[in-house]
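What follows is upload_9.txt (compact mmCIF, C-alpha atoms).
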# COMPACT_ATOMS: atom_id res chain seq x y z
CA MET A 1 -47.71 21.71 47.68
CA TRP A 2 -48.47 24.84 45.68
CA PRO A 3 -49.45 27.11 48.65
CA ARG A 4 -46.31 26.03 50.49
CA LEU A 5 -44.13 26.92 47.52
CA LYS A 6 -45.94 30.23 47.20
CA ARG A 7 -45.39 31.00 50.89
CA TRP A 8 -41.72 30.14 50.58
CA LEU A 9 -41.28 32.27 47.49
CA LEU A 10 -43.05 35.19 49.13
CA ALA A 11 -40.75 34.95 52.14
CA LEU A 12 -37.74 34.94 49.86
CA TRP A 13 -39.06 37.94 47.96
CA ARG A 14 -39.60 39.85 51.22
CA THR A 15 -36.08 39.08 52.40
CA VAL A 16 -34.58 40.19 49.13
CA ARG A 17 -36.61 43.40 49.10
CA ARG A 18 -35.78 44.39 52.66
CA PRO A 19 -32.74 46.65 53.15
CA SER A 20 -29.77 44.95 54.73
CA ILE A 21 -29.54 45.27 58.51
CA HIS A 22 -26.03 44.02 59.23
CA TYR A 23 -24.02 44.82 56.11
CA SER A 24 -23.11 48.27 54.87
CA LEU A 25 -23.93 49.46 51.38
CA GLY A 26 -20.22 49.64 50.56
CA PHE A 27 -19.61 46.06 51.59
CA LEU A 28 -22.55 44.82 49.58
CA THR A 29 -21.70 46.69 46.37
CA LEU A 30 -17.94 46.13 46.51
CA GLY A 31 -18.36 42.56 47.74
CA GLY A 32 -20.84 41.89 44.96
CA PHE A 33 -18.44 43.34 42.41
CA ILE A 34 -15.48 41.27 43.62
CA ALA A 35 -17.60 38.13 43.85
CA GLY A 36 -18.79 38.81 40.30
CA VAL A 37 -15.23 39.18 39.01
CA LEU A 38 -14.19 35.97 40.76
CA PHE A 39 -17.19 34.07 39.42
CA TRP A 40 -16.67 35.33 35.91
CA GLY A 41 -12.96 34.54 35.96
CA ALA A 42 -13.59 31.05 37.24
CA PHE A 43 -16.36 30.47 34.71
CA ASN A 44 -14.27 31.59 31.77
CA THR A 45 -11.20 29.68 32.95
CA GLY A 46 -13.31 26.56 33.30
CA LEU A 47 -14.73 27.10 29.85
CA GLU A 48 -11.29 27.62 28.33
CA MET A 49 -10.07 24.43 29.98
CA THR A 50 -12.67 22.50 28.03
CA ASN A 51 -11.40 24.22 24.91
CA THR A 52 -8.03 22.51 24.62
CA GLU A 53 -6.62 19.59 22.68
CA ALA A 54 -5.69 17.88 25.95
CA PHE A 55 -9.28 18.03 27.15
CA CYS A 56 -10.75 16.80 23.87
CA THR A 57 -8.34 13.88 23.65
CA GLY A 58 -8.96 13.04 27.30
CA CYS A 59 -11.74 10.71 26.15
CA HIS A 60 -10.78 7.59 24.23
CA GLU A 61 -13.60 8.22 21.74
CA MET A 62 -11.75 11.27 20.44
CA ARG A 63 -8.19 10.11 21.13
CA ASP A 64 -8.45 6.76 19.36
CA ASN A 65 -10.54 7.80 16.38
CA VAL A 66 -10.55 11.34 15.14
CA PHE A 67 -7.33 12.49 16.83
CA GLN A 68 -5.31 9.71 15.21
CA GLU A 69 -6.64 10.76 11.83
CA LEU A 70 -5.84 14.40 12.44
CA LYS A 71 -2.22 13.51 13.20
CA THR A 72 -1.48 12.61 9.59
CA THR A 73 -2.80 15.86 8.17
CA ILE A 74 -1.23 19.23 7.54
CA HIS A 75 -3.34 20.82 10.24
CA TYR A 76 -1.44 18.83 12.87
CA THR A 77 2.12 19.05 11.65
CA ASN A 78 3.58 21.21 8.91
CA ARG A 79 6.64 23.19 7.87
CA SER A 80 5.83 26.31 9.88
CA GLY A 81 4.75 24.55 13.06
CA VAL A 82 1.31 26.10 13.35
CA ARG A 83 -1.21 23.63 14.64
CA ALA A 84 -4.96 23.85 14.43
CA THR A 85 -6.20 22.10 17.56
CA CYS A 86 -9.69 20.64 17.96
CA PRO A 87 -11.46 23.82 19.18
CA ASP A 88 -9.92 25.93 16.42
CA CYS A 89 -12.20 24.22 13.93
CA HIS A 90 -14.99 22.83 16.08
CA VAL A 91 -15.76 25.71 18.45
CA PRO A 92 -16.60 29.22 17.25
CA HIS A 93 -14.21 31.86 18.53
CA LYS A 94 -16.76 34.60 19.19
CA TRP A 95 -18.14 34.50 22.71
CA THR A 96 -21.90 34.21 22.12
CA ASP A 97 -21.45 31.59 19.41
CA LYS A 98 -19.00 29.77 21.63
CA ILE A 99 -21.49 29.60 24.51
CA ALA A 100 -24.18 28.40 22.11
CA ARG A 101 -21.87 25.66 20.84
CA LYS A 102 -20.85 24.72 24.37
CA MET A 103 -24.50 24.32 25.33
CA GLN A 104 -25.02 22.08 22.32
CA ALA A 105 -22.00 20.12 23.43
CA SER A 106 -23.83 19.04 26.58
CA LYS A 107 -25.41 16.46 24.26
CA GLU A 108 -21.90 15.09 23.79
CA VAL A 109 -21.64 14.61 27.55
CA TRP A 110 -24.84 12.57 27.32
CA GLY A 111 -23.28 10.55 24.52
CA LYS A 112 -20.18 9.96 26.61
CA LEU A 113 -22.21 8.82 29.65
CA PHE A 114 -24.27 6.37 27.62
CA GLY A 115 -21.41 5.22 25.38
CA THR A 116 -22.89 6.24 22.04
CA VAL A 117 -19.57 5.86 20.23
CA ASP A 118 -17.51 4.01 22.82
CA THR A 119 -16.23 1.36 20.41
CA ARG A 120 -14.60 1.68 17.00
CA GLU A 121 -17.55 -0.06 15.36
CA LYS A 122 -20.10 2.24 16.95
CA PHE A 123 -17.99 5.22 15.95
CA LEU A 124 -17.84 4.09 12.33
CA ASP A 125 -21.61 3.56 12.34
CA HIS A 126 -22.12 7.10 13.56
CA ARG A 127 -19.43 8.73 11.47
CA LEU A 128 -21.73 9.88 8.69
CA GLU A 129 -24.16 11.45 11.14
CA LEU A 130 -21.37 13.17 13.08
CA ALA A 131 -19.77 14.43 9.89
CA GLU A 132 -23.07 15.72 8.55
CA HIS A 133 -23.56 17.81 11.68
CA GLU A 134 -20.20 19.46 11.16
CA TRP A 135 -20.74 20.00 7.43
CA ALA A 136 -24.12 21.57 8.12
CA ARG A 137 -22.64 23.83 10.79
CA LEU A 138 -19.77 25.00 8.58
CA LYS A 139 -22.06 25.43 5.59
CA ALA A 140 -24.45 27.54 7.68
CA ASN A 141 -21.75 29.88 8.99
CA ASP A 142 -19.93 30.11 5.62
CA SER A 143 -16.98 28.06 6.91
CA LEU A 144 -16.29 30.60 9.62
CA GLU A 145 -13.85 28.37 11.48
CA CYS A 146 -11.80 27.87 8.31
CA ARG A 147 -11.86 31.57 7.62
CA ASN A 148 -10.59 32.42 11.09
CA CYS A 149 -7.20 31.56 9.60
CA HIS A 150 -7.72 31.18 5.84
CA ASN A 151 -8.91 34.44 4.37
CA TYR A 152 -9.63 34.59 0.65
CA ALA A 153 -8.57 38.23 0.55
CA SER A 154 -5.13 37.28 1.92
CA MET A 155 -4.64 34.31 -0.36
CA ASP A 156 -1.78 34.76 -2.80
CA LEU A 157 -3.18 32.84 -5.73
CA THR A 158 0.17 33.01 -7.53
CA ARG A 159 1.68 30.91 -4.74
CA GLN A 160 -0.94 28.21 -5.25
CA SER A 161 -0.77 25.59 -7.92
CA THR A 162 -2.51 26.82 -11.06
CA ARG A 163 -5.24 24.26 -10.59
CA ALA A 164 -5.97 25.35 -7.02
CA ALA A 165 -5.81 29.02 -7.99
CA GLU A 166 -8.27 28.57 -10.85
CA ILE A 167 -10.75 26.71 -8.69
CA HIS A 168 -10.46 29.10 -5.76
CA LYS A 169 -10.97 32.08 -8.04
CA ARG A 170 -13.91 30.53 -9.83
CA TRP A 171 -15.84 29.12 -6.86
CA LEU A 172 -14.60 30.72 -3.66
CA GLY A 173 -13.90 34.17 -5.06
CA THR A 174 -17.40 34.46 -6.47
CA GLY A 175 -18.89 33.26 -3.20
CA GLU A 176 -20.73 30.49 -4.98
CA LYS A 177 -19.16 27.87 -2.78
CA THR A 178 -17.69 27.87 0.69
CA CYS A 179 -14.61 26.05 1.96
CA ILE A 180 -16.41 22.98 3.30
CA ASP A 181 -18.13 22.31 -0.04
CA CYS A 182 -14.86 21.01 -1.48
CA HIS A 183 -12.62 20.51 1.54
CA LYS A 184 -14.50 17.75 3.29
CA GLY A 185 -12.39 15.16 5.04
CA ILE A 186 -9.26 17.28 5.23
CA ALA A 187 -8.73 16.68 8.94
CA HIS A 188 -10.51 13.36 9.45
CA HIS A 189 -11.33 10.39 7.27
CA LEU A 190 -14.53 10.53 5.30
CA PRO A 191 -17.57 8.36 5.93
CA ASP A 192 -19.27 6.56 3.06
CA MET A 193 -19.75 9.42 0.61
CA THR A 194 -22.12 7.78 -1.87
CA GLY A 195 -24.74 10.32 -2.84
CA ILE A 196 -23.14 13.20 -0.97
CA PRO A 197 -22.07 16.11 -3.15
CA GLN A 198 -18.39 16.93 -2.82
CA GLY A 199 -17.19 20.05 -4.52
CA MET B 1 9.20 45.85 74.02
CA ARG B 2 10.42 42.30 73.66
CA ASP B 3 9.51 41.90 70.01
CA LYS B 4 11.67 44.80 69.02
CA SER B 5 14.90 43.21 70.24
CA LEU B 6 13.95 39.91 68.62
CA MET B 7 13.38 41.70 65.31
CA LEU B 8 16.75 43.40 65.62
CA ILE B 9 18.51 40.05 66.17
CA ALA B 10 16.69 38.53 63.23
CA VAL B 11 17.73 41.38 60.91
CA LEU B 12 21.32 41.09 62.11
CA VAL B 13 21.37 37.33 61.49
CA VAL B 14 20.04 37.81 57.98
CA LEU B 15 22.60 40.51 57.23
CA VAL B 16 25.49 38.38 58.50
CA ALA B 17 24.28 35.41 56.48
CA ALA B 18 24.07 37.58 53.36
CA ALA B 19 27.58 38.96 53.93
CA VAL B 20 29.05 35.49 54.42
CA GLY B 21 27.29 34.22 51.33
CA PHE B 22 28.58 37.14 49.29
CA ALA B 23 32.17 36.63 50.45
CA VAL B 24 32.11 32.90 49.74
CA GLY B 25 30.52 33.52 46.35
CA ARG B 26 33.22 36.05 45.39
CA LYS B 27 36.07 33.75 46.36
CA SER B 28 34.84 30.71 44.49
CA THR B 29 33.82 32.39 41.23
CA PRO B 30 34.36 29.61 38.71
CA GLU B 31 36.87 30.12 35.93
CA PRO B 32 35.13 30.85 32.65
CA HIS B 33 34.75 27.64 30.68
CA VAL B 34 37.32 27.06 27.99
CA ALA B 35 35.55 26.28 24.76
CA ALA B 36 35.68 22.53 24.27
CA ALA B 37 34.21 22.69 20.82
CA SER B 38 37.57 22.48 19.10
CA THR B 39 37.88 18.82 20.04
CA THR B 40 34.73 17.73 18.25
CA THR B 41 35.45 15.69 15.19
CA THR B 42 34.16 16.63 11.81
CA PRO B 43 31.10 14.53 11.07
CA ALA B 44 31.62 11.42 8.96
CA ALA B 45 34.10 12.17 6.26
CA ALA B 46 32.04 9.96 3.98
CA SER B 47 29.33 12.55 3.67
CA THR B 48 31.69 14.78 1.78
CA ALA B 49 32.76 11.98 -0.52
CA GLU B 50 31.49 12.75 -3.98
CA PRO B 51 28.99 10.06 -4.93
CA VAL B 52 29.52 8.47 -8.28
CA ALA B 53 27.30 10.01 -10.93
CA ALA B 54 23.90 8.35 -11.13
CA GLY B 55 23.50 5.79 -13.79
CA ASP B 56 27.19 4.88 -14.09
CA GLN B 57 26.98 1.85 -11.86
CA ILE B 58 24.59 -0.84 -10.77
CA ASP B 59 24.46 -0.16 -7.06
CA ALA B 60 22.67 3.12 -7.48
CA ILE B 61 21.06 3.23 -4.08
CA ARG B 62 24.43 3.21 -2.24
CA ARG B 63 25.87 5.57 -4.87
CA GLY B 64 29.19 3.74 -4.95
CA ALA B 65 29.99 4.09 -1.27
CA PRO B 66 31.75 1.12 0.40
CA VAL B 67 29.37 -0.96 2.53
CA ASN B 68 31.13 -0.04 5.76
CA GLN B 69 30.46 3.63 5.23
CA GLU B 70 27.33 5.56 5.75
CA ILE B 71 26.81 8.31 3.20
CA ALA B 72 24.57 11.28 3.73
CA PRO B 73 21.16 10.59 2.26
CA PRO B 74 20.17 12.68 -0.73
CA LEU B 75 17.68 15.46 -0.15
CA MET B 76 14.10 14.34 -0.13
CA ALA B 77 12.53 14.78 -3.51
CA ARG B 78 9.58 17.07 -4.03
CA VAL B 79 6.48 16.08 -5.88
CA GLU B 80 6.07 18.07 -9.07
CA ASN B 81 2.95 20.19 -8.71
CA ALA B 82 2.95 22.30 -11.88
CA ASP B 83 -0.30 20.97 -13.40
CA VAL B 84 1.34 20.62 -16.81
CA LYS B 85 0.43 17.44 -18.65
CA ARG B 86 3.38 15.21 -19.47
CA ASN B 87 3.93 13.21 -22.59
CA ARG B 88 3.36 9.49 -22.46
CA ALA B 89 6.45 7.44 -23.20
CA TYR B 90 4.42 4.81 -25.06
CA PRO B 91 0.84 4.71 -26.31
CA MET B 92 -0.65 2.62 -23.52
CA GLN B 93 1.19 4.29 -20.67
CA PRO B 94 -1.09 5.41 -17.84
CA PRO B 95 -0.64 9.19 -17.75
CA THR B 96 1.35 10.41 -14.77
CA ILE B 97 -0.27 12.74 -12.25
CA PRO B 98 0.96 16.33 -12.73
CA HIS B 99 0.03 17.49 -9.23
CA ALA B 100 0.51 16.59 -5.58
CA ILE B 101 -1.90 14.09 -4.08
CA ASP B 102 -0.97 14.32 -0.42
CA ASN B 103 -3.58 12.80 1.87
CA TYR B 104 -5.99 11.96 -0.92
CA GLN B 105 -8.42 9.43 0.49
CA ILE B 106 -9.09 6.48 -1.78
CA ASP B 107 -11.01 3.74 -0.02
CA LYS B 108 -14.45 2.24 -0.07
CA ASN B 109 -15.92 5.38 1.45
CA SER B 110 -14.54 7.99 -0.86
CA ASN B 111 -12.30 8.55 -3.87
CA ARG B 112 -10.70 11.94 -3.86
CA CYS B 113 -9.39 11.62 -7.43
CA LEU B 114 -12.86 11.07 -8.84
CA LEU B 115 -14.04 14.23 -7.14
CA CYS B 116 -12.55 16.05 -10.12
CA HIS B 117 -11.77 13.35 -12.66
CA ALA B 118 -15.12 11.58 -12.74
CA ARG B 119 -17.07 12.02 -15.95
CA ALA B 120 -19.74 14.07 -14.21
CA ASN B 121 -17.37 16.49 -12.45
CA ALA B 122 -14.70 17.02 -15.09
CA ASP B 123 -16.23 20.19 -16.51
CA LYS B 124 -16.58 21.86 -13.13
CA PHE B 125 -12.91 21.44 -12.30
CA GLN B 126 -11.58 21.46 -15.87
CA ALA B 127 -9.88 18.18 -15.11
CA PRO B 128 -9.29 15.49 -17.73
CA PRO B 129 -12.01 12.89 -17.16
CA VAL B 130 -10.90 9.30 -16.75
CA SER B 131 -10.97 7.39 -20.02
CA VAL B 132 -14.01 5.41 -21.07
CA THR B 133 -12.08 2.20 -20.62
CA HIS B 134 -12.26 2.81 -16.88
CA TYR B 135 -16.02 2.40 -17.00
CA MET B 136 -15.80 -0.98 -18.72
CA ASP B 137 -16.00 -4.26 -16.91
CA ARG B 138 -13.83 -7.13 -18.08
CA ASN B 139 -16.45 -8.19 -20.63
CA ASP B 140 -16.17 -4.73 -22.19
CA GLN B 141 -19.62 -3.77 -20.96
CA PHE B 142 -19.94 -0.12 -19.96
CA LEU B 143 -20.98 0.60 -16.40
CA ALA B 144 -22.58 3.73 -15.02
CA THR B 145 -19.80 4.31 -12.52
CA ILE B 146 -16.11 3.61 -12.48
CA SER B 147 -15.34 -0.08 -12.82
CA PRO B 148 -14.28 -1.65 -9.53
CA ARG B 149 -11.12 -3.01 -11.13
CA ARG B 150 -10.10 0.56 -12.02
CA TYR B 151 -11.09 2.14 -8.71
CA PHE B 152 -7.67 2.47 -7.08
CA CYS B 153 -6.07 5.13 -9.24
CA ASN B 154 -2.61 4.80 -7.71
CA GLN B 155 -2.23 1.28 -8.97
CA CYS B 156 -1.36 2.75 -12.35
CA HIS B 157 -1.19 6.53 -12.05
CA VAL B 158 1.61 8.02 -10.01
CA VAL B 159 3.05 11.42 -9.21
CA GLN B 160 6.53 12.37 -10.37
CA THR B 161 9.21 13.88 -8.19
CA ASP B 162 12.24 15.96 -9.04
CA ALA B 163 14.57 13.19 -7.81
CA LYS B 164 17.54 12.37 -10.00
CA PRO B 165 17.17 8.94 -11.63
CA LEU B 166 19.17 6.28 -9.81
CA VAL B 167 19.67 4.15 -12.89
CA ALA B 168 20.40 5.34 -16.39
CA ASN B 169 17.56 4.89 -18.83
CA THR B 170 18.09 4.33 -22.53
CA PHE B 171 14.44 3.88 -23.39
CA LYS B 172 13.44 5.22 -26.79
CA ASP B 173 9.84 5.72 -27.67
CA ILE B 174 8.35 4.21 -30.78
CA ASP B 175 8.38 7.46 -32.75
CA THR B 176 12.12 7.81 -32.26
CA ILE B 177 12.72 4.24 -33.36
CA LEU B 178 10.52 4.66 -36.43
CA SER B 179 12.27 7.85 -37.49
CA GLU B 180 15.64 6.14 -37.01
CA GLU B 181 14.45 3.32 -39.26
CA GLN B 182 13.40 5.88 -41.82
CA ASP B 183 16.81 7.52 -41.66
CA LYS B 184 18.54 4.16 -42.07
CA LYS B 185 16.46 3.37 -45.13
CA ALA B 186 17.10 6.76 -46.62
CA ASN B 187 20.87 6.34 -46.27
Just give me the structure as structure tokens.
Amino acid sequence: MWPRLKRWLLALWRTVRRPSIHYSLGFLTLGGFIAGVLFWGAFNTGLEMTNTEAFCTGCHEMRDNVFQELKTTIHYTNRSGVRATCPDCHVPHKWTDKIARKMQASKEVWGKLFGTVDTREKFLDHRLELAEHEWARLKANDSLECRNCHNYASMDLTRQSTRAAEIHKRWLGTGEKTCIDCHKGIAHHLPDMTGIPQG
Amino acid sequence: MRDKSLMLIAVLVVLVAAAVGFAVGRKSTPEPHVAAASTTTTPAAASTAEPVAAGDQIDAIRRGAPVNQEIAPPLMARVENADVKRNRAYPMQPPTIPHAIDNYQIDKNSNRCLLCHARANADKFQAPPVSVTHYMDRNDQFLATISPRRYFCNQCHVVQTDAKPLVANTFKDIDTILSEEQDKKAN
């Protein structure tokens, strides 16, 4: 087994090392460049297709549970018509972080195949665990996905209610707390929160 | 070359077709549409009818409009969100909520109100903590956490909107009545 693999690898190595006989240098470099562009475009397009509300709600697990809850919140419908879709909060916007998140998400494909949350009951049983993952992620990156749109420096505290302004100034302005510390369950219903610090 | 003559014929055919199309198009240019908007009726005269002042009649919800007429609904009221405590109309009145509570989750999993108003959190948010009575069971024994019978805040505490009252209210609080009594005695 091992010698055969070695022989095969050596043959491959020799082929790769040898200069091309039939193709010109121009064809190989230009062709490689164009093939690279095509591959990259296709890869990124494919990735972006998985980054849409339509894709996320394509599975009944998302459509029947969390999406229905999102619909009642201000992030879905509001006076100015700006909607935060699933990936706006759940997928980092920067490329490297996005790829890292997308690789993590392959676990979700596993979950889909084996029906980890394929009924309402199973989903409710897993809700705390799922929520804790998201809280931990947002806590670790200082609520980056919130801050992609909500920037403390751009907040007009005078346009907030006095209560909200006070609390934002005291806890968010000093950096002692981050968005997710208080704003849990703003887009989806909360799991059983006994013993979990909120705010 | 045979192809050349074919090409020439093709170009000619296209040109002729274009010319014919142009001529037909020019002849049958449609007359500009006469504005038909003038015929539209003014929407429901009833909406302009001045509703009777609130409180002057019993049927406040219809605001005095005949039953066969539909009146324009009043503007939707806004929840007052000024965070200024309101007076209680009588000593045992549950205080009204001086802020918006949109999408506050109150169920067996979580109670958004207690996030700030619980005894343990009140200092952090400078919120008035719920009264001690809310920690008492029905035998007046104090519990460590909020009493289950007091858990659903909205059963008693409500927000206030800027809607105009539909029915007149002649309620006088006890202080007013007492001072009136005093005045009567003095006279």
Hey, list the chain A side of the contact with chain B: 6 Å cut-off, all atoms listed in the file, answer as a PDB file with C-alpha atoms, keeping the file's coordinate frame.
ATOM      1  CA  PRO A 191     -17.570   8.360   5.930  1.00  0.00           C
ATOM      2  CA  ASP A 192     -19.270   6.560   3.060  1.00  0.00           C
ATOM      3  CA  MET A 193     -19.750   9.420   0.610  1.00  0.00           C
TER       4      MET A 193
END
Figure out the distance between CA of His60 in chain A and CA of Lys112 in chain A, please, to one decimal in Å.
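For CA of Lys112 in chain A relative to CA of His60 in chain A, the distance reads 10.0 Å.
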Ala131 in chain A environment, 9 Å, only C-alpha atoms, sequence neighbours closer than 4 positions dropped, as an MDAnalysis selection string
chainID A and resid 126:127 135:136 185 190:191
Writer output for current selection, C-alpha atoms, as a PDB file, keeping the file's coordinate frame:
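again_24.pdb, written as the output of this step:
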ATOM      1  CA  HIS A 126     -22.120   7.100  13.560  1.00  0.00           C
ATOM      2  CA  ARG A 127     -19.430   8.730  11.470  1.00  0.00           C
ATOM      3  CA  TRP A 135     -20.740  20.000   7.430  1.00  0.00           C
ATOM      4  CA  ALA A 136     -24.120  21.570   8.120  1.00  0.00           C
ATOM      5  CA  GLY A 185     -12.390  15.160   5.040  1.00  0.00           C
ATOM      6  CA  LEU A 190     -14.530  10.530   5.300  1.00  0.00           C
ATOM      7  CA  PRO A 191     -17.570   8.360   5.930  1.00  0.00           C
TER       8      PRO A 191
END
Set the distance at 12 Å and use only C-alpha atoms: which residues neighbour Lys169 in chain A once local chain neighbours fewer than 2 positions away are removed? I'd like the list as a ChimeraX atom specification.
/A:152-153,155-158,160,162-167,171-178 /B:125
Would you mind exporting C-alpha atoms of the selected residues as a PDB file, in the frame of the given file?
ATOM      1  CA  TYR A 152      -9.630  34.590   0.650  1.00  0.00           C
ATOM      2  CA  ALA A 153      -8.570  38.230   0.550  1.00  0.00           C
ATOM      3  CA  MET A 155      -4.640  34.310  -0.360  1.00  0.00           C
ATOM      4  CA  ASP A 156      -1.780  34.760  -2.800  1.00  0.00           C
ATOM      5  CA  LEU A 157      -3.180  32.840  -5.730  1.00  0.00           C
ATOM      6  CA  THR A 158       0.170  33.010  -7.530  1.00  0.00           C
ATOM      7  CA  GLN A 160      -0.940  28.210  -5.250  1.00  0.00           C
ATOM      8  CA  THR A 162      -2.510  26.820 -11.060  1.00  0.00           C
ATOM      9  CA  ARG A 163      -5.240  24.260 -10.590  1.00  0.00           C
ATOM     10  CA  ALA A 164      -5.970  25.350  -7.020  1.00  0.00           C
ATOM     11  CA  ALA A 165      -5.810  29.020  -7.990  1.00  0.00           C
ATOM     12  CA  GLU A 166      -8.270  28.570 -10.850  1.00  0.00           C
ATOM     13  CA  ILE A 167     -10.750  26.710  -8.690  1.00  0.00           C
ATOM     14  CA  TRP A 171     -15.840  29.120  -6.860  1.00  0.00           C
ATOM     15  CA  LEU A 172     -14.600  30.720  -3.660  1.00  0.00           C
ATOM     16  CA  GLY A 173     -13.900  34.170  -5.060  1.00  0.00           C
ATOM     17  CA  THR A 174     -17.400  34.460  -6.470  1.00  0.00           C
ATOM     18  CA  GLY A 175     -18.890  33.260  -3.200  1.00  0.00           C
ATOM     19  CA  GLU A 176     -20.730  30.490  -4.980  1.00  0.00           C
ATOM     20  CA  LYS A 177     -19.160  27.870  -2.780  1.00  0.00           C
ATOM     21  CA  THR A 178     -17.690  27.870   0.690  1.00  0.00           C
TER      22      THR A 178
ATOM     23  CA  PHE B 125     -12.910  21.440 -12.300  1.00  0.00           C
TER      24      PHE B 125
END
What gap, in Å, lies between CA of Met76 in chain B and CA of Lys164 in chain B?
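These atoms are spaced 10.6 Å apart.
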Here CA of Val82 in chain A and CA of Lys184 in chain A stand apart by 20.5 Å
Name all residues at most 12 Å from Thr176 in chain B (count only C-alpha atoms; drop same-chain ones fewer than 6 positions away) and give them as a VMD selection string.
chain B and resid 89 to 90 170 182 to 183
For range 69-72 of chain A, work out the shell of residues within 12 Å, counting only C-alpha atoms and skipping chain neighbours fewer than 6 positions away, then give it as a list in words.
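Residues meeting the cut-off are Glu53, Thr57, Met62, Arg63, Asn78, Arg83, Ala84, Thr85, Cys86, Cys89, Gly185, Ile186, Ala187, His188, His189 and Leu190 of chain A; Asp102, Asn103, Tyr104 and Gln105 of chain B.
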Take the residues that were just selected and, keeping C-alpha atoms, output them as a PDB file, in the frame of the given file.
ATOM      1  CA  GLU A  53      -6.620  19.590  22.680  1.00  0.00           C
ATOM      2  CA  THR A  57      -8.340  13.880  23.650  1.00  0.00           C
ATOM      3  CA  MET A  62     -11.750  11.270  20.440  1.00  0.00           C
ATOM      4  CA  ARG A  63      -8.190  10.110  21.130  1.00  0.00           C
ATOM      5  CA  ASN A  78       3.580  21.210   8.910  1.00  0.00           C
ATOM      6  CA  ARG A  83      -1.210  23.630  14.640  1.00  0.00           C
ATOM      7  CA  ALA A  84      -4.960  23.850  14.430  1.00  0.00           C
ATOM      8  CA  THR A  85      -6.200  22.100  17.560  1.00  0.00           C
ATOM      9  CA  CYS A  86      -9.690  20.640  17.960  1.00  0.00           C
ATOM     10  CA  CYS A  89     -12.200  24.220  13.930  1.00  0.00           C
ATOM     11  CA  GLY A 185     -12.390  15.160   5.040  1.00  0.00           C
ATOM     12  CA  ILE A 186      -9.260  17.280   5.230  1.00  0.00           C
ATOM     13  CA  ALA A 187      -8.730  16.680   8.940  1.00  0.00           C
ATOM     14  CA  HIS A 188     -10.510  13.360   9.450  1.00  0.00           C
ATOM     15  CA  HIS A 189     -11.330  10.390   7.270  1.00  0.00           C
ATOM     16  CA  LEU A 190     -14.530  10.530   5.300  1.00  0.00           C
TER      17      LEU A 190
ATOM     18  CA  ASP B 102      -0.970  14.320  -0.420  1.00  0.00           C
ATOM     19  CA  ASN B 103      -3.580  12.800   1.870  1.00  0.00           C
ATOM     20  CA  TYR B 104      -5.990  11.960  -0.920  1.00  0.00           C
ATOM     21  CA  GLN B 105      -8.420   9.430   0.490  1.00  0.00           C
TER      22      GLN B 105
END
Mind completing range 109-120 of chain B with N, CA and C atoms? Output as a short mmCIF file (atom, residue, chain, number, x, y, z; two decimals), in the coordinates of the input, please?
data_model
loop_
_atom_site.label_atom_id
_atom_site.label_comp_id
_atom_site.auth_asym_id
_atom_site.auth_seq_id
_atom_site.Cartn_x
_atom_site.Cartn_y
_atom_site.Cartn_z
N ASN B 109 -15.03 4.28 1.10
CA ASN B 109 -15.92 5.38 1.45
C ASN B 109 -15.87 6.53 0.46
N SER B 110 -14.69 6.78 -0.07
CA SER B 110 -14.54 7.99 -0.86
C SER B 110 -13.35 7.84 -1.81
N ASN B 111 -13.42 8.54 -2.94
CA ASN B 111 -12.30 8.55 -3.87
C ASN B 111 -12.03 9.99 -4.27
N ARG B 112 -11.00 10.53 -3.68
CA ARG B 112 -10.70 11.94 -3.86
C ARG B 112 -10.38 12.27 -5.33
N CYS B 113 -9.76 11.35 -6.03
CA CYS B 113 -9.39 11.62 -7.43
C CYS B 113 -10.64 11.85 -8.27
N LEU B 114 -11.65 10.99 -8.03
CA LEU B 114 -12.86 11.07 -8.84
C LEU B 114 -13.67 12.31 -8.52
N LEU B 115 -13.35 12.97 -7.44
CA LEU B 115 -14.04 14.23 -7.14
C LEU B 115 -13.92 15.18 -8.34
N CYS B 116 -12.74 15.18 -8.96
CA CYS B 116 -12.55 16.05 -10.12
C CYS B 116 -12.54 15.26 -11.43
N HIS B 117 -12.01 14.05 -11.40
CA HIS B 117 -11.77 13.35 -12.66
C HIS B 117 -12.91 12.45 -13.09
N ALA B 118 -13.97 12.37 -12.30
CA ALA B 118 -15.12 11.58 -12.74
C ALA B 118 -15.76 12.26 -13.94
N ARG B 119 -16.43 11.48 -14.75
CA ARG B 119 -17.07 12.02 -15.95
C ARG B 119 -17.97 13.21 -15.61
N ALA B 120 -18.74 13.06 -14.53
CA ALA B 120 -19.74 14.07 -14.21
C ALA B 120 -19.15 15.35 -13.65
#
